[in-house]
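Read the structure below first, then the notes.
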2 protein chains.
Amino acid sequence: MLDETPVADKEGAPIADEGSRQRFERIYNVLRTRICLLDYPPGERLREEDLAEEFGVSRTPIRPVLITLEAEGLLRSVHGVGTIVTDIDVDELEQVYQLRVELAELIGKLSPIAPDAATVAKFRAMLARCEALSGSPDAREFARINMDFFHLLNSLTGNEPLREISERLYYQTTRIWLKTASRLSQYRELLMNEIQIFQREVADIVDAIDVGDLQVVGYIRRAHISMSFQRLRNEARHERL
Amino acid sequence: MLDETPVADKEGAPIADEGSRQRFERIYNVLRTRICLLDYPPGERLREEDLAEEFGVSRTPIRPVLITLEAEGLLRSVHGVGTIVTDIDVDELEQVYQLRVELAELIGKLSPIAPDAATVAKFRAMLARCEALSGSPDAREFARINMDFFHLLNSLTGNEPLREISERLYYQTTRIWLKTASRLSQYRELLMNEIQIFQREVADIVDAIDVGDLQVVGYIRRAHISMSFQRLRNEARHERL
DNA sequence: ATTTTTTGTGTTGTGTACAACACCAGCAGG
DNA sequence: CCTGCTGGTGTTGTACACAACACAAAAAAT
């Protein structure tokens, strides 16, 4: 829904009347989503030719996408070896989280946009998706909802550079939970716990939206990003011992 | 000094034993600097083949550089037309400045690095360059010093994502002064005034560095970025009337 | 047996020819 | 005089062949 236009068929291949720019965006979003949902786990080798075949083009139009994803820190091309999905580490991501925490607050501060009725409805829909999820917990679906929720929150600021940067940092960090949690023994318990907490976050933020206080949205978000990272670090530490 | 390795000859062309990654960085830095010093003014058309010839390669290795610069918002490739240096507008840059103001403060907050003797020396050297500059004012040299000073400040935080993002935003905004000022009648007076103010900023920051208070560095920087943009906007407004 | 060399295979990086597209000048038609 | 068309020219986008490189396995030497 997020990465596929209605016209797209299951494989990314041939779409009629698609400009080169739109195709770039499409392939870019598909690959980025795959990386963040661990369809391509860290360390995976992506062959340019395979991707070219899948999307029905030659290697050439694929390369700009890979170059961009490399600039974002999600891929790394190595001559003679392959294009490798970057590995991530909780400790290395601490700085990114620190920055995300600060930026979260700015979303409510810089050029806040009073949400219209449609946006409010989307937030409520998110609440519904959360409840459905907590009924049948699924890590992948959780990650997807989390992603959609992020984009919704991001649309609350009119500051476009801030949106762009927040998005970039989000995609740099979001894989870490799936990766860390999937290795742990109490995987299922962790997931359900995390979903519950997320559900509360969404509920809190919906309340704040109703009141119309975007500053408060920023505070809530800030708190949750910060706590989420601390939980993650604790779990990673327990695993090490 | 910033964009050329000691081995480089005047034209960017052939360098021995240079990996493809280093070459990418070199070309990237050269082009970015040229854009920000208005060697390539907004609207300029860069022909890939010309660049290829200058750097002694085919179009192929040039394209990743242009793609990256396009992702940073400095270029825009249009099929059948050319690769065009983006135009900039004071009003459009307001959001970027708002963000830069906030990030400036974070540099003193997130993972501050206590500067070693060498770094302090570089700051003092900056002071000397300022005085030399105010002796013989030159807009281009002013922009260069400003750029070097930025990089020096940026090295005060250990938060690498923050450094990267600050740099990106800096390069998005830095052209605007040269562009705006060069159109005004009191160009020379403005330049001298700006140099004086910058000199004071450097002096203030050097003091703060001496005291060892990076938080204060952030505050000073924040104030100056904010005021600098307001002056810019006023000048642009006066021009319009 | 161990180490070194060589050879083979697979991948990204590069060069080059061509396709797709935009733009302008010139011209025909009104 | 103006308008719309049409061809010519220049540019980026694409495809493909090959070079450069990394890695592993096999072979050769000690």
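Residue names in the structure tokens use chain letters A, B, ... in the order shown, residue numbers from 1 in each chain, and ligand numbers from 1 in the order shown.
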- prompt: If we count only C-alpha atoms (C1' of nucleotides), what is near Arg168 (chain B) at a cut-off of 10 Å, once residues fewer than 5 positions away on the same chain are taken out, given as a PyMOL selection string?
  reply: chain B and resi 72-73+162-163+173
message: Neighbouring residues of region 106-111 of chain A were defined as those with any atom within 6 Å, considering only C-alpha atoms (C1' of nucleotides); residues of the same chain fewer than 3 positions away were excluded. Please report them as a VMD selection string.
response: chain A and resid 103 157 to 159 214 to 215 218
Would you mind exporting the chosen residues as a short mmCIF file (atom, residue, chain, number, x, y, z; two decimals), in the first residue's frame, restricted to C-alpha atoms?
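Final output, saved to result-v2.cif:
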```cif
data_model
loop_
_atom_site.label_atom_id
_atom_site.label_comp_id
_atom_site.auth_asym_id
_atom_site.auth_seq_id
_atom_site.Cartn_x
_atom_site.Cartn_y
_atom_site.Cartn_z
CA LEU A 103 13.94 15.90 16.07
CA THR A 157 5.01 19.39 10.21
CA GLY A 158 5.17 21.75 7.28
CA ASN A 159 8.93 21.86 7.53
CA LEU A 214 1.07 19.24 18.40
CA GLN A 215 3.68 20.27 20.89
CA GLY A 218 6.22 15.89 20.09
#
```
With chain D as the partner and 10 Å as the cut-off, tabulate the residues of chain B that qualify, each row holding the nearest pair of atoms and their distance in Å to one decimal, using only C-alpha atoms (C1' of nucleotides), sorted by chain and rising number, as a Markdown table.
```
| residue | atom | partner | partner_atom | distance |
| --- | --- | --- | --- | --- |
| B:Arg47 | CA | D:DT11 | C1' | 7.8 |
| B:Glu48 | CA | D:DT12 | C1' | 8.5 |
| B:Glu49 | CA | D:DT11 | C1' | 9.7 |
| B:Ser77 | CA | D:DT12 | C1' | 7.5 |
| B:Val78 | CA | D:DT12 | C1' | 6.7 |
| B:His79 | CA | D:DT12 | C1' | 4.5 |
| B:Gly80 | CA | D:DT11 | C1' | 4.5 |
| B:Val81 | CA | D:DT11 | C1' | 5.1 |
| B:Gly82 | CA | D:DT11 | C1' | 5.5 |
| B:Thr83 | CA | D:DT12 | C1' | 8.0 |
```
Keeping only N, CA and C atoms, take the residues you just selected and write them out as a CSV table (one decimal), in the first residue's frame.
```csv
chain,number,residue,atom,x,y,z
B,47,ARG,N,27.0,20.0,-18.5
B,47,ARG,CA,26.9,18.9,-19.4
B,47,ARG,C,27.8,17.8,-18.9
B,48,GLU,N,27.2,16.6,-18.8
B,48,GLU,CA,27.9,15.4,-18.2
B,48,GLU,C,29.2,15.2,-19.0
B,49,GLU,N,29.1,15.4,-20.3
B,49,GLU,CA,30.3,15.1,-21.1
B,49,GLU,C,31.4,16.0,-20.8
B,77,SER,N,18.5,16.9,-12.6
B,77,SER,CA,18.7,16.4,-14.0
B,77,SER,C,17.4,16.4,-14.7
B,78,VAL,N,17.3,16.9,-15.9
B,78,VAL,CA,16.1,16.9,-16.7
B,78,VAL,C,16.4,16.2,-18.0
B,79,HIS,N,15.7,15.2,-18.3
B,79,HIS,CA,15.9,14.4,-19.5
B,79,HIS,C,15.8,15.3,-20.7
B,80,GLY,N,16.8,15.2,-21.6
B,80,GLY,CA,16.7,15.9,-22.8
B,80,GLY,C,17.1,17.4,-22.7
B,81,VAL,N,17.4,17.8,-21.5
B,81,VAL,CA,17.7,19.2,-21.3
B,81,VAL,C,19.1,19.4,-20.8
B,82,GLY,N,19.3,18.9,-19.6
B,82,GLY,CA,20.6,19.0,-19.0
B,82,GLY,C,20.6,18.8,-17.5
B,83,THR,N,21.7,18.9,-16.8
B,83,THR,CA,21.7,18.9,-15.4
B,83,THR,C,21.9,20.3,-14.9
```
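With distances taken over only C-alpha atoms (C1' of nucleotides), C:DT16 is the one residue among C:DT16, C:DG10, C:DG29, C:DT2 lying closest to chain B.
Nearest residue to Thr60 (chain B), choosing from B:Ile220, B:Gly135, B:Ser20, B:Arg183 and counting only C-alpha atoms: B:Ser20.
Proximity to chain B was assessed for A:Leu156, A:Leu241, A:Leu69, A:Ile205 counting only C-alpha atoms; the smallest distance is recorded for A:Leu69.
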After a least-squares superposition on chain B using every in-order C-alpha pair, I'd like chain A written out as a tab-separated table (two decimals) with C-alpha atoms, in the first residue's frame.
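Saved to out.tsv:
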```
chain	number	residue	atom	x	y	z
A	1	MET	CA	42.73	23.00	0.28
A	2	LEU	CA	39.47	21.50	1.24
A	3	ASP	CA	38.52	19.89	-2.01
A	4	GLU	CA	41.85	19.01	-3.49
A	5	THR	CA	44.33	16.41	-2.38
A	6	PRO	CA	47.96	17.47	-2.49
A	7	VAL	CA	48.56	15.22	-5.48
A	8	ALA	CA	45.85	16.85	-7.54
A	9	ASP	CA	46.82	19.04	-10.44
A	10	LYS	CA	44.89	22.15	-11.34
A	11	GLU	CA	42.40	20.38	-13.51
A	12	GLY	CA	40.75	17.45	-11.85
A	13	ALA	CA	41.94	15.01	-14.41
A	14	PRO	CA	44.39	12.18	-13.84
A	15	ILE	CA	45.51	11.04	-10.41
A	16	ALA	CA	47.61	7.95	-10.01
A	17	ASP	CA	46.52	5.08	-7.77
A	18	GLU	CA	43.16	6.58	-6.98
A	19	GLY	CA	40.42	4.18	-6.07
A	20	SER	CA	36.98	4.67	-7.54
A	21	ARG	CA	35.65	5.65	-4.13
A	22	GLN	CA	38.25	8.35	-3.59
A	23	ARG	CA	37.68	9.67	-7.06
A	24	PHE	CA	33.97	9.87	-6.35
A	25	GLU	CA	34.64	11.90	-3.21
A	26	ARG	CA	37.03	14.17	-5.03
A	27	ILE	CA	34.72	14.98	-7.92
A	28	TYR	CA	31.82	15.30	-5.51
A	29	ASN	CA	33.65	17.83	-3.34
A	30	VAL	CA	34.89	19.81	-6.32
A	31	LEU	CA	31.41	20.15	-7.79
A	32	ARG	CA	29.76	20.91	-4.48
A	33	THR	CA	32.27	23.64	-3.74
A	34	ARG	CA	31.83	25.13	-7.19
A	35	ILE	CA	28.10	25.24	-6.73
A	36	CYS	CA	28.36	26.87	-3.32
A	37	LEU	CA	30.89	29.46	-4.44
A	38	LEU	CA	28.66	30.26	-7.41
A	39	ASP	CA	31.28	29.16	-9.91
A	40	TYR	CA	28.23	27.36	-11.16
A	41	PRO	CA	25.50	29.93	-10.56
A	42	PRO	CA	21.88	28.84	-10.08
A	43	GLY	CA	20.35	27.86	-13.40
A	44	GLU	CA	23.71	26.87	-14.91
A	45	ARG	CA	23.60	23.83	-17.14
A	46	LEU	CA	26.28	21.24	-16.47
A	47	ARG	CA	26.92	18.91	-19.38
A	48	GLU	CA	27.88	15.44	-18.24
A	49	GLU	CA	30.27	15.08	-21.14
A	50	ASP	CA	32.15	18.26	-20.26
A	51	LEU	CA	32.61	17.09	-16.70
A	52	ALA	CA	33.66	13.67	-17.93
A	53	GLU	CA	36.30	15.26	-20.11
A	54	GLU	CA	37.56	17.54	-17.36
A	55	PHE	CA	38.01	14.68	-14.92
A	56	GLY	CA	39.43	12.38	-17.54
A	57	VAL	CA	36.74	9.70	-17.40
A	58	SER	CA	33.63	8.76	-19.31
A	59	ARG	CA	30.15	9.95	-18.38
A	60	THR	CA	29.51	6.84	-16.33
A	61	PRO	CA	31.53	7.65	-13.20
A	62	ILE	CA	30.22	11.21	-13.29
A	63	ARG	CA	26.61	10.14	-13.00
A	64	PRO	CA	26.78	8.80	-9.43
A	65	VAL	CA	28.14	12.17	-8.35
A	66	LEU	CA	25.36	14.06	-10.08
A	67	ILE	CA	22.77	11.67	-8.67
A	68	THR	CA	24.08	12.26	-5.17
A	69	LEU	CA	24.16	16.03	-5.60
A	70	GLU	CA	20.62	15.84	-6.92
A	71	ALA	CA	19.55	13.92	-3.81
A	72	GLU	CA	21.10	16.71	-1.74
A	73	GLY	CA	19.03	19.26	-3.61
A	74	LEU	CA	21.87	21.09	-5.33
A	75	LEU	CA	21.26	19.78	-8.84
A	76	ARG	CA	18.34	18.66	-10.93
A	77	SER	CA	18.67	16.44	-13.96
A	78	VAL	CA	16.09	16.90	-16.68
A	79	HIS	CA	15.87	14.40	-19.50
A	80	GLY	CA	16.72	15.94	-22.82
A	81	VAL	CA	17.67	19.28	-21.30
A	82	GLY	CA	20.61	19.04	-18.96
A	83	THR	CA	21.73	18.90	-15.39
A	84	ILE	CA	20.81	22.22	-13.87
A	85	VAL	CA	22.06	23.91	-10.74
A	86	THR	CA	18.98	24.49	-8.57
A	87	ASP	CA	17.85	28.01	-7.97
A	88	ILE	CA	17.37	29.16	-4.42
A	89	ASP	CA	15.05	31.60	-2.79
A	90	VAL	CA	15.27	33.25	0.61
A	91	ASP	CA	11.68	32.39	1.47
A	92	GLU	CA	12.04	28.73	0.56
A	93	LEU	CA	15.13	28.50	2.72
A	94	GLU	CA	13.42	29.76	5.84
A	95	GLN	CA	12.54	26.23	6.94
A	96	VAL	CA	16.07	25.02	6.39
A	97	TYR	CA	17.35	27.87	8.51
A	98	GLN	CA	14.87	27.13	11.27
A	99	LEU	CA	16.16	23.59	11.33
A	100	ARG	CA	19.80	24.66	11.22
A	101	VAL	CA	19.20	26.90	14.21
A	102	GLU	CA	17.98	23.97	16.26
A	103	LEU	CA	20.74	21.66	15.11
A	104	ALA	CA	23.38	24.26	15.96
A	105	GLU	CA	22.45	23.96	19.58
A	106	LEU	CA	22.54	20.19	19.43
A	107	ILE	CA	26.18	20.23	18.36
A	108	GLY	CA	27.08	21.40	21.84
A	109	LYS	CA	24.64	18.98	23.44
A	110	LEU	CA	25.01	15.60	21.75
A	111	SER	CA	28.35	13.85	22.31
A	112	PRO	CA	30.44	17.01	22.55
A	113	ILE	CA	34.15	16.45	21.98
A	114	ALA	CA	36.57	18.41	24.14
A	115	PRO	CA	38.85	20.00	21.53
A	116	ASP	CA	42.50	19.00	21.67
A	117	ALA	CA	45.40	21.41	21.29
A	118	ALA	CA	45.52	21.01	17.52
A	119	THR	CA	41.85	21.87	17.17
A	120	VAL	CA	42.19	24.91	19.38
A	121	ALA	CA	45.10	26.01	17.23
A	122	LYS	CA	42.94	25.69	14.15
A	123	PHE	CA	40.34	27.93	15.72
A	124	ARG	CA	42.99	30.53	16.44
A	125	ALA	CA	44.24	30.26	12.88
A	126	MET	CA	40.70	30.98	11.79
A	127	LEU	CA	40.82	34.19	13.77
A	128	ALA	CA	43.96	35.19	11.90
A	129	ARG	CA	42.38	34.44	8.53
A	130	CYS	CA	39.46	36.64	9.53
A	131	GLU	CA	41.69	39.59	10.23
A	132	ALA	CA	43.54	39.13	6.97
A	133	LEU	CA	40.18	39.02	5.23
A	134	SER	CA	38.88	42.19	6.81
A	135	GLY	CA	42.04	43.84	5.55
A	136	SER	CA	41.22	42.95	1.94
A	137	PRO	CA	37.55	42.03	1.70
A	138	ASP	CA	36.65	39.44	-0.91
A	139	ALA	CA	33.28	37.72	-1.05
A	140	ARG	CA	34.57	34.46	-2.43
A	141	GLU	CA	37.31	34.22	0.17
A	142	PHE	CA	34.75	35.07	2.83
A	143	ALA	CA	32.58	32.19	1.70
A	144	ARG	CA	35.57	29.85	1.80
A	145	ILE	CA	36.55	30.83	5.32
A	146	ASN	CA	32.97	30.52	6.40
A	147	MET	CA	32.94	27.00	4.98
A	148	ASP	CA	36.14	25.98	6.72
A	149	PHE	CA	34.85	27.44	9.94
A	150	PHE	CA	31.70	25.41	9.64
A	151	HIS	CA	33.66	22.20	9.24
A	152	LEU	CA	35.76	23.05	12.24
A	153	LEU	CA	32.67	23.63	14.35
A	154	ASN	CA	31.15	20.44	13.07
A	155	SER	CA	34.13	18.48	14.30
A	156	LEU	CA	33.18	19.41	17.86
A	157	THR	CA	30.44	16.81	18.06
A	158	GLY	CA	31.03	13.10	18.11
A	159	ASN	CA	27.54	12.48	16.81
A	160	GLU	CA	28.23	11.52	13.24
A	161	PRO	CA	24.65	11.55	11.93
A	162	LEU	CA	24.33	15.06	13.32
A	163	ARG	CA	27.52	16.11	11.55
A	164	GLU	CA	26.32	14.65	8.30
A	165	ILE	CA	22.94	16.32	8.45
A	166	SER	CA	24.32	19.67	9.55
A	167	GLU	CA	26.73	19.57	6.65
A	168	ARG	CA	23.98	18.77	4.23
A	169	LEU	CA	21.83	21.66	5.41
A	170	TYR	CA	24.79	24.00	5.44
A	171	TYR	CA	25.53	23.32	1.80
A	172	GLN	CA	21.89	23.83	0.95
A	173	THR	CA	21.86	27.31	2.39
A	174	THR	CA	25.32	28.78	2.08
A	175	ARG	CA	24.95	29.97	-1.52
A	176	ILE	CA	22.10	32.27	-0.69
A	177	TRP	CA	24.22	35.00	0.81
A	178	LEU	CA	26.56	35.29	-2.15
A	179	LYS	CA	23.63	35.22	-4.53
A	180	THR	CA	21.53	37.79	-2.71
A	181	ALA	CA	24.34	40.16	-1.83
A	182	SER	CA	25.89	40.18	-5.29
A	183	ARG	CA	22.72	41.73	-6.68
A	184	LEU	CA	22.55	44.59	-4.25
A	185	SER	CA	23.93	48.03	-4.79
A	186	GLN	CA	25.67	48.37	-1.44
A	187	TYR	CA	27.45	45.10	-2.11
A	188	ARG	CA	30.76	46.24	-0.71
A	189	GLU	CA	29.35	47.76	2.46
A	190	LEU	CA	27.29	44.65	3.10
A	191	LEU	CA	30.29	42.43	2.66
A	192	MET	CA	32.46	44.43	5.04
A	193	ASN	CA	29.68	44.52	7.60
A	194	GLU	CA	29.14	40.80	7.30
A	195	ILE	CA	32.83	40.12	7.66
A	196	GLN	CA	32.96	42.20	10.82
A	197	ILE	CA	30.05	40.34	12.33
A	198	PHE	CA	31.58	37.03	11.35
A	199	GLN	CA	34.85	38.09	12.92
A	200	ARG	CA	33.06	38.76	16.17
A	201	GLU	CA	31.33	35.40	15.99
A	202	VAL	CA	34.63	33.64	15.54
A	203	ALA	CA	36.15	35.60	18.42
A	204	ASP	CA	33.22	34.77	20.68
A	205	ILE	CA	33.38	31.11	19.82
A	206	VAL	CA	37.14	30.99	20.34
A	207	ASP	CA	36.54	32.41	23.80
A	208	ALA	CA	33.93	29.77	24.52
A	209	ILE	CA	36.29	27.07	23.28
A	210	ASP	CA	38.99	28.40	25.60
A	211	VAL	CA	36.62	28.17	28.53
A	212	GLY	CA	35.78	24.69	27.30
A	213	ASP	CA	32.04	25.22	27.22
A	214	LEU	CA	30.68	23.65	24.03
A	215	GLN	CA	27.13	24.30	25.10
A	216	VAL	CA	27.85	28.01	24.90
A	217	VAL	CA	29.39	27.49	21.48
A	218	GLY	CA	26.02	26.09	20.44
A	219	TYR	CA	24.17	29.12	21.80
A	220	ILE	CA	26.46	31.58	20.07
A	221	ARG	CA	26.21	29.69	16.84
A	222	ARG	CA	22.46	29.48	17.11
A	223	ALA	CA	22.16	33.21	17.64
A	224	HIS	CA	24.38	34.02	14.71
A	225	ILE	CA	22.69	31.68	12.26
A	226	SER	CA	19.35	33.13	13.23
A	227	MET	CA	20.49	36.76	12.94
A	228	SER	CA	22.33	36.08	9.72
A	229	PHE	CA	19.15	34.82	8.14
A	230	GLN	CA	17.15	37.79	9.36
A	231	ARG	CA	19.65	40.21	7.87
A	232	LEU	CA	19.47	38.30	4.64
A	233	ARG	CA	15.71	38.45	4.56
A	234	ASN	CA	15.69	42.15	5.27
A	235	GLU	CA	18.12	42.83	2.49
A	236	ALA	CA	16.11	40.72	0.08
A	237	ARG	CA	12.98	42.62	1.11
A	238	HIS	CA	14.61	46.00	0.57
A	239	GLU	CA	15.67	44.93	-2.86
A	240	ARG	CA	12.12	44.02	-3.80
A	241	LEU	CA	10.75	47.45	-2.90
```
Go through chain C residue by residue and, counting only C-alpha atoms (C1' of nucleotides), keep those with an atom at most 9 Å from chain A; for each kept residue give the shortest atom pair and its distance in Å to one decimal, ordered by chain and increasing number, as JSON lines.
```
{"residue": "C:DG10", "atom": "C1'", "partner": "A:Gly80", "partner_atom": "CA", "distance": 7.9}
{"residue": "C:DT11", "atom": "C1'", "partner": "A:Gly80", "partner_atom": "CA", "distance": 4.5}
{"residue": "C:DT12", "atom": "C1'", "partner": "A:His79", "partner_atom": "CA", "distance": 4.6}
{"residue": "C:DG13", "atom": "C1'", "partner": "A:His79", "partner_atom": "CA", "distance": 6.9}
```
- request: Going by DSSP on the backbone, which bits of region 76-190 of chain B are helix (DSSP H, G or I)? Write them as an MDAnalysis selection string, please.
  value: chainID B and resid 94:109 117:135 139:154 160:173 175:183 187:190
C-alpha atoms of the current selection, written as a PDB file, in the first residue's frame:
```pdb
ATOM      1  CA  GLU B  94      13.442  29.768   5.845  1.00  0.00           C
ATOM      2  CA  GLN B  95      12.542  26.243   6.943  1.00  0.00           C
ATOM      3  CA  VAL B  96      16.067  25.036   6.392  1.00  0.00           C
ATOM      4  CA  TYR B  97      17.363  27.889   8.496  1.00  0.00           C
ATOM      5  CA  GLN B  98      14.865  27.147  11.257  1.00  0.00           C
ATOM      6  CA  LEU B  99      16.166  23.613  11.326  1.00  0.00           C
ATOM      7  CA  ARG B 100      19.802  24.673  11.221  1.00  0.00           C
ATOM      8  CA  VAL B 101      19.188  26.928  14.218  1.00  0.00           C
ATOM      9  CA  GLU B 102      17.959  23.990  16.258  1.00  0.00           C
ATOM     10  CA  LEU B 103      20.741  21.676  15.110  1.00  0.00           C
ATOM     11  CA  ALA B 104      23.373  24.271  15.952  1.00  0.00           C
ATOM     12  CA  GLU B 105      22.457  23.964  19.587  1.00  0.00           C
ATOM     13  CA  LEU B 106      22.542  20.178  19.429  1.00  0.00           C
ATOM     14  CA  ILE B 107      26.178  20.228  18.364  1.00  0.00           C
ATOM     15  CA  GLY B 108      27.076  21.382  21.855  1.00  0.00           C
ATOM     16  CA  LYS B 109      24.646  18.973  23.456  1.00  0.00           C
ATOM     17  CA  ALA B 117      45.396  21.394  21.250  1.00  0.00           C
ATOM     18  CA  ALA B 118      45.521  20.995  17.482  1.00  0.00           C
ATOM     19  CA  THR B 119      41.850  21.855  17.134  1.00  0.00           C
ATOM     20  CA  VAL B 120      42.190  24.902  19.347  1.00  0.00           C
ATOM     21  CA  ALA B 121      45.105  25.996  17.197  1.00  0.00           C
ATOM     22  CA  LYS B 122      42.934  25.677  14.104  1.00  0.00           C
ATOM     23  CA  PHE B 123      40.351  27.919  15.690  1.00  0.00           C
ATOM     24  CA  ARG B 124      42.997  30.514  16.415  1.00  0.00           C
ATOM     25  CA  ALA B 125      44.245  30.256  12.858  1.00  0.00           C
ATOM     26  CA  MET B 126      40.699  30.975  11.777  1.00  0.00           C
ATOM     27  CA  LEU B 127      40.829  34.189  13.745  1.00  0.00           C
ATOM     28  CA  ALA B 128      43.961  35.186  11.880  1.00  0.00           C
ATOM     29  CA  ARG B 129      42.368  34.443   8.516  1.00  0.00           C
ATOM     30  CA  CYS B 130      39.462  36.645   9.511  1.00  0.00           C
ATOM     31  CA  GLU B 131      41.696  39.583  10.208  1.00  0.00           C
ATOM     32  CA  ALA B 132      43.518  39.130   6.951  1.00  0.00           C
ATOM     33  CA  LEU B 133      40.170  39.017   5.220  1.00  0.00           C
ATOM     34  CA  SER B 134      38.863  42.185   6.806  1.00  0.00           C
ATOM     35  CA  GLY B 135      42.027  43.849   5.526  1.00  0.00           C
ATOM     36  CA  ALA B 139      33.261  37.740  -1.047  1.00  0.00           C
ATOM     37  CA  ARG B 140      34.565  34.472  -2.414  1.00  0.00           C
ATOM     38  CA  GLU B 141      37.301  34.216   0.174  1.00  0.00           C
ATOM     39  CA  PHE B 142      34.737  35.078   2.836  1.00  0.00           C
ATOM     40  CA  ALA B 143      32.562  32.199   1.708  1.00  0.00           C
ATOM     41  CA  ARG B 144      35.552  29.862   1.781  1.00  0.00           C
ATOM     42  CA  ILE B 145      36.558  30.835   5.310  1.00  0.00           C
ATOM     43  CA  ASN B 146      32.963  30.512   6.390  1.00  0.00           C
ATOM     44  CA  MET B 147      32.932  26.995   4.956  1.00  0.00           C
ATOM     45  CA  ASP B 148      36.132  25.977   6.691  1.00  0.00           C
ATOM     46  CA  PHE B 149      34.858  27.440   9.936  1.00  0.00           C
ATOM     47  CA  PHE B 150      31.712  25.414   9.644  1.00  0.00           C
ATOM     48  CA  HIS B 151      33.661  22.198   9.233  1.00  0.00           C
ATOM     49  CA  LEU B 152      35.764  23.051  12.223  1.00  0.00           C
ATOM     50  CA  LEU B 153      32.670  23.624  14.354  1.00  0.00           C
ATOM     51  CA  ASN B 154      31.139  20.445  13.058  1.00  0.00           C
ATOM     52  CA  GLU B 160      28.228  11.513  13.235  1.00  0.00           C
ATOM     53  CA  PRO B 161      24.641  11.545  11.945  1.00  0.00           C
ATOM     54  CA  LEU B 162      24.324  15.059  13.320  1.00  0.00           C
ATOM     55  CA  ARG B 163      27.514  16.101  11.551  1.00  0.00           C
ATOM     56  CA  GLU B 164      26.311  14.657   8.293  1.00  0.00           C
ATOM     57  CA  ILE B 165      22.922  16.326   8.450  1.00  0.00           C
ATOM     58  CA  SER B 166      24.307  19.670   9.550  1.00  0.00           C
ATOM     59  CA  GLU B 167      26.713  19.569   6.646  1.00  0.00           C
ATOM     60  CA  ARG B 168      23.969  18.783   4.223  1.00  0.00           C
ATOM     61  CA  LEU B 169      21.821  21.652   5.408  1.00  0.00           C
ATOM     62  CA  TYR B 170      24.781  24.000   5.453  1.00  0.00           C
ATOM     63  CA  TYR B 171      25.526  23.328   1.807  1.00  0.00           C
ATOM     64  CA  GLN B 172      21.894  23.836   0.953  1.00  0.00           C
ATOM     65  CA  THR B 173      21.857  27.319   2.399  1.00  0.00           C
ATOM     66  CA  ARG B 175      24.944  29.983  -1.523  1.00  0.00           C
ATOM     67  CA  ILE B 176      22.089  32.276  -0.709  1.00  0.00           C
ATOM     68  CA  TRP B 177      24.210  35.006   0.806  1.00  0.00           C
ATOM     69  CA  LEU B 178      26.548  35.298  -2.162  1.00  0.00           C
ATOM     70  CA  LYS B 179      23.617  35.220  -4.535  1.00  0.00           C
ATOM     71  CA  THR B 180      21.525  37.811  -2.716  1.00  0.00           C
ATOM     72  CA  ALA B 181      24.346  40.165  -1.825  1.00  0.00           C
ATOM     73  CA  SER B 182      25.868  40.202  -5.290  1.00  0.00           C
ATOM     74  CA  ARG B 183      22.689  41.746  -6.662  1.00  0.00           C
ATOM     75  CA  TYR B 187      27.453  45.108  -2.088  1.00  0.00           C
ATOM     76  CA  ARG B 188      30.775  46.254  -0.686  1.00  0.00           C
ATOM     77  CA  GLU B 189      29.335  47.775   2.486  1.00  0.00           C
ATOM     78  CA  LEU B 190      27.288  44.655   3.119  1.00  0.00           C
TER      79      LEU B 190
END
```
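Looking only at region 44-221 of chain B, the set that DSSP places in strand (DSSP E) from backbone geometry is Arg45, Leu46, Leu75, Arg76, Ser77, Val78, Gly82, Thr83, Ile84 and Val85 of chain B.
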